[in-house]
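Visitor: Mind looking over this structure? Questions follow.
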Amino acid sequence: MAAQELNRVCIGAISGVRGLKGEVRIKSFTANPDDIAAYGPVSTEDGSQSFGINVTAHAKGQIIARLDGVKDRDAAEALKGTRLYVPRDVLPEPEEGDYYQEDLIGLKAETKDGDDLGTIKAVHNFGAGDILEIAGNKAKDDLMVPFTTQAVPVVDLEKGRVVVKPLPSVEAGGENDKG
C-alpha cells in the first residue's frame, strides 16, 4: 500500500552510513532538520519496518543518527535509499503558502488559460530551491519548473491543480546558442 494511501508524509531518506556501529546519514525534509526525530517513530514506505531516531551529529547538510534496532554497518547499508514516513496527523499544519511534497504530487499542472501541461510526479531540490517535475501528457514533453510564486503563482489543493506561468525560452541564434 502506498504511503499516500496510508495518509503518511515522507520526512526524510537514508542516504548512506557512517562508521561501523550502524549510524546512518539522513537527508531530512523537515524545515528544521533535527525535527526528523521529533514526530515519534518513522516507518518505511511499505510500513514493514519502524524506527525510533536518535540524532547524534550533523555532516554536510545531513543528519547522522542511530535507528532503533540497527546495530551494525551491514544493517545500516541495507537501509540505504529508504524513505522515512510519519503519520500526517503528527505533523503541524503547513503555514499559508507552504505545502508538504505529498500534497503536490499528483496535482494537475496547467497554464492560466487552462491548457493541460501534465501531472506533478515529483518535487526535487538540488540545492537551489524546490523544482516540480511535471510528467507531460501525450502532446507535451516532461517539464522541470522552479517552485516559486513567479513560476507557479497558483496552488489549488481543493481543485487538484497548479497554474504554471510560461517560462522564458532561449531563442535560436541567441547568446546561449552553441551552434
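Identifiers in this document derive from the order of the C-alpha cells: chains are assigned A, B, ..., residues are numbered from 1 separately in each chain, and ligands are numbered from 1 in order of occurrence.
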Could you pull out the residues in range 7-173 of chain A that DSSP calls alpha helix (DSSP H) from the backbone, as an MDAnalysis selection string?

Guide: chainID A and resid 73:77 101:104

Visitor: List every residue of range 15-129 of chain A that DSSP, applied to the backbone of this structure, assigns to strand (DSSP E or B), and report them as a count of residues only.

Guide: 45

Visitor: How many Å lie between CA of Lys71 in chain A and CA of Val17 in chain A, rounded to one decimal?

Guide: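 So the answer is 11.9 Å.
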
Visitor: Find the spatial neighbours of Gly52 in chain A, counting only C-alpha atoms, within a cut-off of 9 Å - ignore same-chain residues fewer than 6 positions away - and output them as number ranges by chain.

Guide: A: 37, 40-43, 66-69

Visitor: Within 9 Å of Gly129 in chain A, counting only C-alpha atoms, which residues qualify if same-chain residues fewer than 5 places away don't, as a compact mmCIF listing (two decimals) with N, CA and C atoms, in the first residue's frame?

Guide:
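Output file result12.txt is given in full below:
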# COMPACT_ATOMS: atom_id res chain seq x y z
N HIS A 124 11.79 17.99 -6.47
CA HIS A 124 13.22 17.82 -6.27
C HIS A 124 13.81 19.08 -5.65
N PRO A 146 10.72 25.62 -11.68
CA PRO A 146 11.05 26.07 -10.32
C PRO A 146 9.76 26.30 -9.53
N PHE A 147 9.75 25.84 -8.30
CA PHE A 147 8.55 26.01 -7.48
C PHE A 147 8.66 27.33 -6.73
N THR A 148 8.42 28.41 -7.48
CA THR A 148 8.42 29.76 -6.94
C THR A 148 7.06 30.39 -7.25

Visitor: Considering only C-alpha atoms, return as an NGL selection string whatever protein or nucleic-acid residues lie within 7 Å of range 99-112 of chain A, sequence-local ones (same chain, fewer than 6 positions apart) excluded.

Guide: :A and (9 or 118-123 or 160-165)

Visitor: Pick out the closest residue to Ala151 in chain A from this set: A:Gly47, A:Pro33, A:Pro166, A:Gly114. Count only C-alpha atoms.

Guide: A:Pro166

Visitor: Using only C-alpha atoms, which of the listed residues (A:Ile134, A:Met144, A:Val86, A:Leu91) sits closest to Gln49 in chain A?

Guide: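 Between A:Ile134, A:Met144, A:Val86, A:Leu91, the residue approaching Gln49 in chain A most closely is A:Val86.
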